$ cat entry06.txt   # compact mmCIF, C-alpha atoms
# COMPACT_ATOMS: atom_id res chain seq x y z
CA MET A 813 -16.95 3.82 25.84
CA GLN A 814 -19.37 4.48 22.97
CA ASN A 815 -17.12 7.25 21.70
CA MET A 816 -14.10 4.94 21.82
CA HIS A 817 -15.93 2.36 19.66
CA ARG A 818 -16.71 5.15 17.20
CA VAL A 819 -13.02 6.12 17.16
CA MET A 820 -12.01 2.57 16.24
CA ARG A 821 -14.60 2.33 13.44
CA TRP A 822 -13.42 5.65 11.98
CA ALA A 823 -9.81 4.53 12.34
CA LYS A 824 -10.48 1.56 10.11
CA TRP A 825 -12.24 3.68 7.46
CA VAL A 826 -10.12 6.83 7.41
CA PHE A 827 -6.66 5.72 8.51
CA GLY A 828 -6.63 2.15 7.26
CA GLY A 829 -5.79 0.52 10.58
CA VAL A 830 -3.03 2.88 11.71
CA ALA A 831 -0.51 1.31 14.06
CA CYS A 832 -1.94 -2.16 13.42
CA GLY A 833 0.97 -3.66 11.48
CA TRP A 834 1.62 -3.47 7.76
CA VAL A 835 -1.07 -1.16 6.49
CA LEU A 836 -0.13 0.01 3.00
CA GLY A 837 1.23 -2.01 0.13
CA VAL A 838 0.99 -5.65 -0.88
CA THR A 839 3.50 -8.18 -2.15
CA ALA A 840 3.62 -8.35 -5.93
CA GLN A 841 3.42 -11.94 -7.15
CA SER A 842 3.91 -13.08 -10.72
CA GLY A 843 1.06 -14.95 -12.37
CA ASN A 844 3.10 -18.08 -13.10
CA GLY A 845 4.23 -18.75 -9.52
CA ALA A 846 7.68 -17.20 -9.99
CA ALA A 847 9.47 -15.56 -7.07
CA ALA A 848 7.93 -12.37 -5.75
CA LYS A 849 9.43 -9.02 -6.61
CA PRO A 850 11.42 -7.29 -3.85
CA VAL A 851 9.21 -5.71 -1.19
CA ILE A 852 10.57 -2.67 0.66
CA LYS A 853 9.53 -2.59 4.32
CA VAL A 854 9.28 0.87 5.85
CA ALA A 855 8.34 2.20 9.28
CA ALA A 856 6.92 5.73 9.14
CA ALA A 857 5.38 8.30 11.48
CA SER A 858 1.58 8.55 11.52
CA ASN A 859 1.53 12.13 10.25
CA LEU A 860 2.71 10.73 6.91
CA LYS A 861 -0.37 8.55 6.30
CA PHE A 862 -1.92 10.53 3.45
CA VAL A 863 1.28 11.78 1.83
CA MET A 864 2.70 8.24 1.85
CA THR A 865 -0.45 6.85 0.26
CA GLU A 866 0.15 9.17 -2.68
CA LEU A 867 3.91 8.61 -2.77
CA LEU A 868 3.63 4.82 -2.69
CA ALA A 869 1.22 4.83 -5.60
CA LEU A 870 3.55 7.11 -7.58
CA TYR A 871 6.58 4.96 -6.78
CA ARG A 872 4.76 1.76 -7.75
CA GLN A 873 3.84 3.36 -11.07
CA GLN A 874 7.44 4.44 -11.74
CA SER A 875 9.34 1.38 -10.49
CA GLY A 876 6.92 -1.53 -10.39
CA LEU A 877 8.07 -2.23 -6.83
CA GLU A 878 5.90 -2.55 -3.73
CA VAL A 879 6.42 -0.86 -0.37
CA GLN A 880 4.93 -2.21 2.85
CA LEU A 881 4.40 0.59 5.34
CA SER A 882 3.99 0.35 9.10
CA LEU A 883 2.62 3.54 10.69
CA GLY A 884 2.85 4.67 14.31
CA ALA A 885 4.30 7.22 16.70
CA SER A 886 8.01 7.79 16.10
CA GLY A 887 9.08 6.87 19.64
CA PRO A 888 7.48 3.40 19.72
CA LEU A 889 8.56 2.70 16.14
CA ALA A 890 12.18 3.49 17.02
CA GLN A 891 11.91 1.21 20.05
CA GLN A 892 10.49 -1.59 17.89
CA ILE A 893 13.39 -1.15 15.46
CA ARG A 894 15.83 -1.54 18.35
CA GLN A 895 13.99 -4.74 19.25
CA GLY A 896 14.30 -6.14 15.73
CA LEU A 897 11.33 -4.80 13.72
CA PRO A 898 12.03 -6.11 10.18
CA VAL A 899 12.19 -2.84 8.26
CA SER A 900 14.96 -1.35 6.15
CA LEU A 901 13.93 2.34 6.21
CA PHE A 902 12.70 4.53 9.07
CA VAL A 903 10.86 7.75 8.18
CA SER A 904 10.51 9.65 11.46
CA ALA A 905 8.45 12.66 12.52
CA ASP A 906 11.52 14.12 14.19
CA GLU A 907 15.30 13.97 14.08
CA LEU A 908 15.89 12.79 17.65
CA ARG A 909 14.64 9.23 17.12
CA VAL A 910 16.82 8.83 14.03
CA ASP A 911 19.85 10.22 15.82
CA GLU A 912 19.31 7.71 18.65
CA LEU A 913 19.33 4.82 16.17
CA VAL A 914 22.46 6.24 14.53
CA LYS A 915 24.24 6.36 17.90
CA ALA A 916 23.14 2.78 18.58
CA GLY A 917 24.87 1.64 15.39
CA LEU A 918 21.65 0.45 13.75
CA THR A 919 21.80 2.57 10.60
CA GLN A 920 23.83 2.79 7.41
CA ASP A 921 24.42 6.52 7.70
CA ALA A 922 23.37 9.60 9.67
CA GLY A 923 20.11 9.98 7.77
CA GLN A 924 18.64 12.90 5.85
CA ARG A 925 16.16 15.64 6.72
CA TYR A 926 13.33 15.33 4.20
CA ALA A 927 10.63 17.74 5.45
CA THR A 928 9.43 20.04 8.21
CA GLY A 929 5.89 19.56 9.46
CA ARG A 930 3.26 21.99 10.76
CA LEU A 931 0.75 21.82 13.58
CA ALA A 932 -2.95 22.66 13.25
CA LEU A 933 -5.85 23.30 15.62
CA LEU A 934 -8.81 21.09 14.65
CA VAL A 935 -12.51 21.09 15.55
CA PRO A 936 -15.52 19.18 14.18
CA GLN A 937 -17.31 20.82 11.26
CA ASN A 938 -20.27 22.08 13.32
CA SER A 939 -18.34 23.01 16.46
CA PRO A 940 -19.42 26.21 18.24
CA LEU A 941 -15.91 26.77 19.58
CA PRO A 942 -14.19 30.01 18.43
CA LEU A 943 -11.63 28.44 16.09
CA ASP A 944 -10.82 31.70 14.32
CA ALA A 945 -10.05 33.43 17.64
CA GLY A 946 -6.98 31.25 18.11
CA LEU A 947 -5.68 28.58 20.45
CA LYS A 948 -5.83 30.55 23.70
CA ALA A 949 -9.42 31.70 23.18
CA LEU A 950 -10.54 28.22 22.19
CA VAL A 951 -9.02 26.56 25.27
CA GLN A 952 -10.63 29.20 27.47
CA ALA A 953 -13.99 28.51 25.78
CA LEU A 954 -13.95 24.76 26.48
CA ARG A 955 -16.84 23.64 28.65
CA GLN A 956 -16.43 21.55 31.80
CA HIS A 957 -16.65 18.15 30.11
CA ASP A 958 -15.01 19.09 26.78
CA LYS A 959 -11.82 17.24 25.89
CA LEU A 960 -8.78 18.58 24.05
CA ALA A 961 -6.86 15.95 22.06
CA ILE A 962 -3.10 15.92 21.59
CA ALA A 963 -0.66 13.12 20.87
CA ASN A 964 1.27 11.83 23.86
CA PRO A 965 4.30 14.18 24.12
CA ALA A 966 6.43 11.31 25.43
CA LEU A 967 5.77 9.24 22.29
CA ALA A 968 5.07 11.60 19.40
CA PRO A 969 6.93 14.74 18.24
CA TYR A 970 3.65 16.40 17.27
CA GLY A 971 2.41 15.85 20.82
CA LEU A 972 5.46 17.62 22.21
CA ALA A 973 4.90 20.47 19.76
CA ALA A 974 1.28 20.71 20.94
CA GLN A 975 2.44 21.00 24.55
CA GLU A 976 4.90 23.72 23.56
CA ALA A 977 2.20 25.64 21.65
CA LEU A 978 -0.17 25.51 24.62
CA SER A 979 2.63 26.71 26.90
CA HIS A 980 3.46 29.50 24.46
CA GLU A 981 -0.12 30.74 24.74
CA GLY A 982 -0.12 30.42 28.52
CA VAL A 983 -2.89 27.81 28.67
CA TRP A 984 -0.96 24.56 29.26
CA ALA A 985 -2.01 24.37 32.94
CA GLN A 986 -5.61 25.18 32.04
CA ALA A 987 -5.64 22.56 29.28
CA GLN A 988 -4.11 19.68 31.24
CA PRO A 989 -7.27 18.52 33.08
CA ARG A 990 -9.10 18.36 29.73
CA LEU A 991 -6.47 16.46 27.75
CA VAL A 992 -7.08 13.16 26.00
CA MET A 993 -3.84 11.81 24.55
CA GLY A 994 -3.57 9.75 21.40
CA GLU A 995 -0.90 7.09 21.06
CA ASN A 996 0.03 8.80 17.79
CA ILE A 997 -1.06 11.84 15.80
CA ALA A 998 -3.49 9.86 13.65
CA GLN A 999 -5.41 8.66 16.70
CA THR A 1000 -5.45 12.24 18.00
CA THR A 1001 -7.13 13.31 14.75
CA GLN A 1002 -9.66 10.49 15.10
CA PHE A 1003 -10.65 11.74 18.55
CA VAL A 1004 -11.77 15.04 17.03
CA MET A 1005 -13.42 13.52 13.96
CA THR A 1006 -15.55 11.17 16.06
CA GLY A 1007 -16.51 13.73 18.68
CA ALA A 1008 -14.54 12.04 21.44
CA ALA A 1009 -12.74 15.40 21.79
CA ALA A 1010 -14.15 18.89 21.23
CA ALA A 1011 -10.88 20.07 19.66
CA GLY A 1012 -7.36 18.87 19.05
CA LEU A 1013 -3.84 19.81 18.02
CA THR A 1014 -2.69 17.61 15.19
CA ALA A 1015 -0.61 17.51 12.01
CA LEU A 1016 -1.50 19.94 9.24
CA SER A 1017 -0.75 17.16 6.74
CA LEU A 1018 -3.64 15.09 8.13
CA VAL A 1019 -6.31 17.78 8.40
CA THR A 1020 -5.90 18.94 4.79
CA ALA A 1021 -6.73 15.46 3.44
CA PRO A 1022 -10.26 15.31 1.95
CA GLU A 1023 -11.23 12.42 4.25
CA VAL A 1024 -10.67 14.69 7.26
CA ALA A 1025 -11.33 18.16 5.84
CA GLN A 1026 -14.90 17.37 4.79
CA ARG A 1027 -15.87 16.71 8.43
CA THR A 1028 -13.72 19.23 10.31
CA ARG A 1029 -12.39 22.77 10.34
CA PHE A 1030 -8.81 23.75 11.14
CA GLN A 1031 -6.50 26.67 11.80
CA PRO A 1032 -2.70 26.36 11.28
CA ILE A 1033 -0.60 27.01 14.40
CA PRO A 1034 2.21 29.55 13.90
CA ALA A 1035 5.48 27.70 13.40
CA ASP A 1036 7.32 29.80 15.97
CA TRP A 1037 5.04 28.65 18.81
CA HIS A 1038 6.99 25.41 19.11
CA ALA A 1039 10.33 23.89 18.19
CA PRO A 1040 10.62 23.14 14.45
CA LEU A 1041 9.12 19.80 13.45
CA HIS A 1042 12.11 18.78 11.33
CA GLN A 1043 11.62 15.23 10.07
CA LYS A 1044 14.38 12.81 9.16
CA LEU A 1045 14.66 9.44 7.45
CA VAL A 1046 17.41 6.84 7.63
CA MET A 1047 18.32 3.50 6.08
CA LEU A 1048 18.87 0.75 8.61
CA LYS A 1049 21.61 -1.88 8.73
CA GLY A 1050 21.05 -4.49 6.07
CA ALA A 1051 19.09 -2.17 3.77
CA ASP A 1052 19.41 -3.26 0.15
CA ALA A 1053 19.53 -1.54 -3.24
CA PRO A 1054 15.72 -1.31 -3.63
CA THR A 1055 15.54 0.44 -0.26
CA ARG A 1056 18.19 2.92 -1.36
CA GLN A 1057 16.25 3.59 -4.55
CA PHE A 1058 13.08 4.26 -2.57
CA ARG A 1059 15.01 6.51 -0.16
CA ASP A 1060 16.34 8.48 -3.12
CA PHE A 1061 12.82 8.76 -4.52
CA LEU A 1062 11.55 10.26 -1.23
CA LEU A 1063 14.27 12.93 -1.51
CA SER A 1064 13.62 13.64 -5.20
CA PRO A 1065 11.89 16.75 -6.63
CA PRO A 1066 8.68 14.86 -7.59
CA ALA A 1067 8.34 13.53 -4.04
CA LYS A 1068 9.09 16.96 -2.56
CA ALA A 1069 6.25 18.39 -4.61
CA VAL A 1070 3.89 15.84 -3.04
CA PHE A 1071 5.13 16.69 0.46
CA GLN A 1072 4.55 20.37 -0.23
CA ARG A 1073 0.99 19.75 -1.41
CA HIS A 1074 0.31 18.05 1.91
CA GLY A 1075 1.48 21.05 3.94
CA TYR A 1076 5.15 20.25 4.55
CA ASP A 1077 8.18 22.42 3.96
CA THR A 1078 10.95 20.56 2.17
CA HIS A 1079 14.73 20.81 2.18
CA PRO A 1080 17.53 20.59 -0.41

$ encode --input "entry06.txt" --output "structure tokens"
Amino acid sequence: MQNMHRVMRWAKWVFGGVACGWVLGVTAQSGNGAAAKPVIKVAAASNLKFVMTELLALYRQQSGLEVQLSLGASGPLAQQIRQGLPVSLFVSADELRVDELVKAGLTQDAGQRYATGRLALLVPQNSPLPLDAGLKALVQALRQHDKLAIANPALAPYGLAAQEALSHEGVWAQAQPRLVMGENIAQTTQFVMTGAAAAGLTALSLVTAPEVAQRTRFQPIPADWHAPLHQKLVMLKGADAPTRQFRDFLLSPPAKAVFQRHGYDTHP
């Protein structure tokens, strides 16, 4: 229980209240009481926390417009959209959730692939576990009460990739009794940062951020150990011109450069 309280405190500091509603961006009001500028409401996967922080600041500087961002696991976000979540753009950690919304007739088009993510093995800074020896050796070195954190494979694409990587290395069965599953990939990262888990499989884009990197060590997981983490975005029914402009910005060369700095591969 003490570790869980520590997780929540770190969540507030590092991840800004991930999965707790609108977490990035504020409504821009004019000083004389005039109508507010348009606010673009976006639902995005948790692995995008740090890259979106940078992108939103850049977009605000270029356009003067504000974006309100709701972060969470792609599966629950897609379900909330089906139930009426008031957003106009969905930026998923996979393609499946977008394709499901397209088939349900809830989007303006088929969406666009914007990036491909990577998985990383993460341990606390002072961990004695053999990180450099690789995933299999690390799992085999876990002690009886050590926990291994992954995102829930049923909810988060990065969790499914973690399961596939463990299976690739032949240690999925050995790892299962030790698993602690985050509701999303950001919570999975928190488990490792707070010591609630001895190690974890999480998004490379999160572990390279200074807030995380200064307290942890990581090793990228080979991309061919799991299905590609292709990520797709889509405009939803009712999306307006400001949403389209922000969508185009996310697909632009300046935005792609930001994605690449955070460990993503990008696409034409």

$ closest_residue --input "entry06.txt" --among "A:Ala974, A:Ile1033, A:Ala927, A:Ala1008" --to "Thr1078 (chain A)" --atoms "all atoms listed in the file"
A:Ala927

$ closest_residue --input "entry06.txt" --among "A:Leu868, A:Val910, A:Val863, A:Leu943" --to "Ser886 (chain A)" --atoms "all atoms listed in the file"
A:Val910

$ atom_distance --input "entry06.txt" --atom1 "CA of Lys959 (chain A)" --atom2 "CA of Pro989 (chain A)"
8.6 Å

$ residues_around --input "entry06.txt" --residues "Ala1015 (chain A)" --least-positions-apart "6" --cutoff "7 Å" --atoms "all atoms listed in the file" --output "list of chain:residue names"
A:Asn859, A:Arg930, A:Leu931, A:Ala932, A:Tyr970, A:Ile997

$ closest_residue --input "entry06.txt" --among "A:Val1004, A:Leu933, A:Ala1011, A:Ala953" --to "Pro1034 (chain A)" --atoms "all atoms listed in the file"
A:Leu933

$ residues_around --input "entry06.txt" --residues "Asp944 (chain A)" --least-positions-apart "3" --cutoff "9 Å" --atoms "all atoms listed in the file" --output "list in words"
Leu941, Leu947, Ala949, Leu950, Phe1030 and Gln1031 of chain A

$ write_last_selection --input "entry06.txt" --atoms "C-alpha atoms" --output "PDB file, in the coordinates of the input"
ATOM      1  CA  LEU A 941     -15.910  26.770  19.580  1.00  0.00           C
ATOM      2  CA  LEU A 947      -5.680  28.580  20.450  1.00  0.00           C
ATOM      3  CA  ALA A 949      -9.420  31.700  23.180  1.00  0.00           C
ATOM      4  CA  LEU A 950     -10.540  28.220  22.190  1.00  0.00           C
ATOM      5  CA  PHE A1030      -8.810  23.750  11.140  1.00  0.00           C
ATOM      6  CA  GLN A1031      -6.500  26.670  11.800  1.00  0.00           C
TER       7      GLN A1031
END

$ atom_distance --input "entry06.txt" --atom1 "CA of Thr1014 (chain A)" --atom2 "CA of Asn964 (chain A)"
11.1 Å

$ residues_near_point --input "entry06.txt" --point "(-11.3, 12.5, 15.1)" --cutoff "9 Å" --atoms "all atoms listed in the file" --output "list in words"
Val819, Trp822, Ala823, Leu934, Val935, Pro936, Ala961, Ala998, Gln999, Thr1000, Thr1001, Gln1002, Phe1003, Val1004, Met1005, Thr1006, Gly1007, Ala1008, Ala1009, Ala1011, Gly1012, Val1024 and Thr1028 of chain A

$ write_last_selection --input "entry06.txt" --atoms "C-alpha atoms" --output "compact mmCIF listing (two decimals), keeping the file's coordinate frame"
# COMPACT_ATOMS: atom_id res chain seq x y z
CA VAL A 819 -13.02 6.12 17.16
CA TRP A 822 -13.42 5.65 11.98
CA ALA A 823 -9.81 4.53 12.34
CA LEU A 934 -8.81 21.09 14.65
CA VAL A 935 -12.51 21.09 15.55
CA PRO A 936 -15.52 19.18 14.18
CA ALA A 961 -6.86 15.95 22.06
CA ALA A 998 -3.49 9.86 13.65
CA GLN A 999 -5.41 8.66 16.70
CA THR A 1000 -5.45 12.24 18.00
CA THR A 1001 -7.13 13.31 14.75
CA GLN A 1002 -9.66 10.49 15.10
CA PHE A 1003 -10.65 11.74 18.55
CA VAL A 1004 -11.77 15.04 17.03
CA MET A 1005 -13.42 13.52 13.96
CA THR A 1006 -15.55 11.17 16.06
CA GLY A 1007 -16.51 13.73 18.68
CA ALA A 1008 -14.54 12.04 21.44
CA ALA A 1009 -12.74 15.40 21.79
CA ALA A 1011 -10.88 20.07 19.66
CA GLY A 1012 -7.36 18.87 19.05
CA VAL A 1024 -10.67 14.69 7.26
CA THR A 1028 -13.72 19.23 10.31

$ closest_residue --input "entry06.txt" --among "A:Lys861, A:Lys1049, A:Arg1029, A:His1038" --to "Gln937 (chain A)" --atoms "all atoms listed in the file"
A:Arg1029

$ atom_distance --input "entry06.txt" --atom1 "CA of Leu883 (chain A)" --atom2 "CA of Pro1040 (chain A)"
21.5 Å

$ residues_around --input "entry06.txt" --residues "Leu867 (chain A)" --least-positions-apart "3" --cutoff "12 Å" --atoms "all atoms listed in the file" --output "PyMOL selection string"
chain A and resi 836-837+860-864+870-875+878-879+881+1058-1059+1061-1064+1066-1071+1073-1074

$ closest_residue --input "entry06.txt" --among "A:Ala1025, A:Met1047, A:Ala1053, A:Ala963" --to "Gln920 (chain A)" --atoms "all atoms listed in the file"
A:Met1047

$ closest_residue --input "entry06.txt" --among "A:Gln986, A:Gly917, A:Gln1043, A:Leu972" --to "Leu954 (chain A)" --atoms "only C-alpha atoms"
A:Gln986

$ residues_near_point --input "entry06.txt" --point "(17.5, 2.2, 8.6)" --cutoff "7 Å" --atoms "all atoms listed in the file" --output "list in words"
Ser900, Leu901, Phe902, Leu918, Thr919, Gln920, Val1046, Met1047, Leu1048, Lys1049 and Ala1051 of chain A

$ axis_aligned_box --input "entry06.txt" --around "region 908-920 of chain A" --padding-each-side "8 Å" --output "JSON"
{"center_x": 19.8, "center_y": 6.6, "center_z": 13.0, "size_x": 26.2, "size_y": 28.3, "size_z": 27.2}

$ residues_around --input "entry06.txt" --residues "Ala977 (chain A)" --least-positions-apart "4" --cutoff "7 Å" --atoms "all atoms listed in the file" --output "PyMOL selection string"
chain A and resi 973+981+1037-1038

$ decode --input "entry06.txt" --residues "region 971-1032 of chain A" --atoms "C-alpha atoms" --output "compact mmCIF listing (two decimals), in the first residue's frame"
# COMPACT_ATOMS: atom_id res chain seq x y z
CA GLY A 971 1.47 -4.03 -22.94
CA LEU A 972 0.74 -6.45 -25.76
CA ALA A 973 4.18 -5.76 -27.22
CA ALA A 974 5.72 -6.48 -23.81
CA GLN A 975 3.94 -9.84 -23.67
CA GLU A 976 5.17 -10.66 -27.17
CA ALA A 977 8.76 -9.71 -26.25
CA LEU A 978 8.68 -11.92 -23.15
CA SER A 979 7.29 -14.78 -25.23
CA HIS A 980 9.98 -14.22 -27.86
CA GLU A 981 12.63 -14.69 -25.18
CA GLY A 982 10.89 -17.76 -23.75
CA VAL A 983 10.22 -16.24 -20.32
CA TRP A 984 6.52 -15.30 -20.52
CA ALA A 985 5.45 -18.22 -18.29
CA GLN A 986 8.24 -17.46 -15.82
CA ALA A 987 7.33 -13.77 -15.73
CA GLN A 988 3.57 -14.14 -15.26
CA PRO A 989 3.55 -14.76 -11.48
CA ARG A 990 5.67 -11.62 -11.00
CA LEU A 991 3.67 -9.26 -13.20
CA VAL A 992 2.14 -6.01 -12.00
CA MET A 993 0.04 -4.44 -14.76
CA GLY A 994 -0.43 -0.74 -15.27
CA GLU A 995 -3.69 0.62 -16.65
CA ASN A 996 -1.55 2.43 -19.23
CA ILE A 997 2.12 2.69 -20.14
CA ALA A 998 2.67 5.81 -18.04
CA GLN A 999 1.51 4.03 -14.89
CA THR A 1000 3.76 1.10 -15.79
CA THR A 1001 6.72 3.51 -15.88
CA GLN A 1002 5.69 4.94 -12.50
CA PHE A 1003 5.79 1.46 -10.95
CA VAL A 1004 9.48 1.20 -11.78
CA MET A 1005 10.36 4.77 -10.84
CA THR A 1006 8.80 4.42 -7.39
CA GLY A 1007 10.22 0.99 -6.65
CA ALA A 1008 6.83 -0.73 -6.75
CA ALA A 1009 8.37 -2.94 -9.46
CA ALA A 1010 11.98 -4.09 -9.79
CA ALA A 1011 11.86 -3.72 -13.58
CA GLY A 1012 9.40 -2.97 -16.35
CA LEU A 1013 8.76 -2.97 -20.07
CA THR A 1014 7.61 0.44 -21.19
CA ALA A 1015 7.74 2.97 -24.02
CA LEU A 1016 11.15 4.19 -25.14
CA SER A 1017 9.62 7.66 -25.57
CA LEU A 1018 8.94 7.85 -21.82
CA VAL A 1019 12.25 6.54 -20.48
CA THR A 1020 14.35 8.98 -22.51
CA ALA A 1021 12.64 12.00 -20.93
CA PRO A 1022 14.89 13.74 -18.35
CA GLU A 1023 12.25 13.37 -15.62
CA VAL A 1024 12.52 9.58 -15.95
CA ALA A 1025 16.08 9.09 -17.20
CA GLN A 1026 17.68 10.78 -14.20
CA ARG A 1027 16.23 8.13 -11.87
CA THR A 1028 16.35 5.00 -14.03
CA ARG A 1029 18.38 3.01 -16.53
CA PHE A 1030 17.01 1.43 -19.69
CA GLN A 1031 17.83 -0.88 -22.58
CA PRO A 1032 15.88 -0.70 -25.88
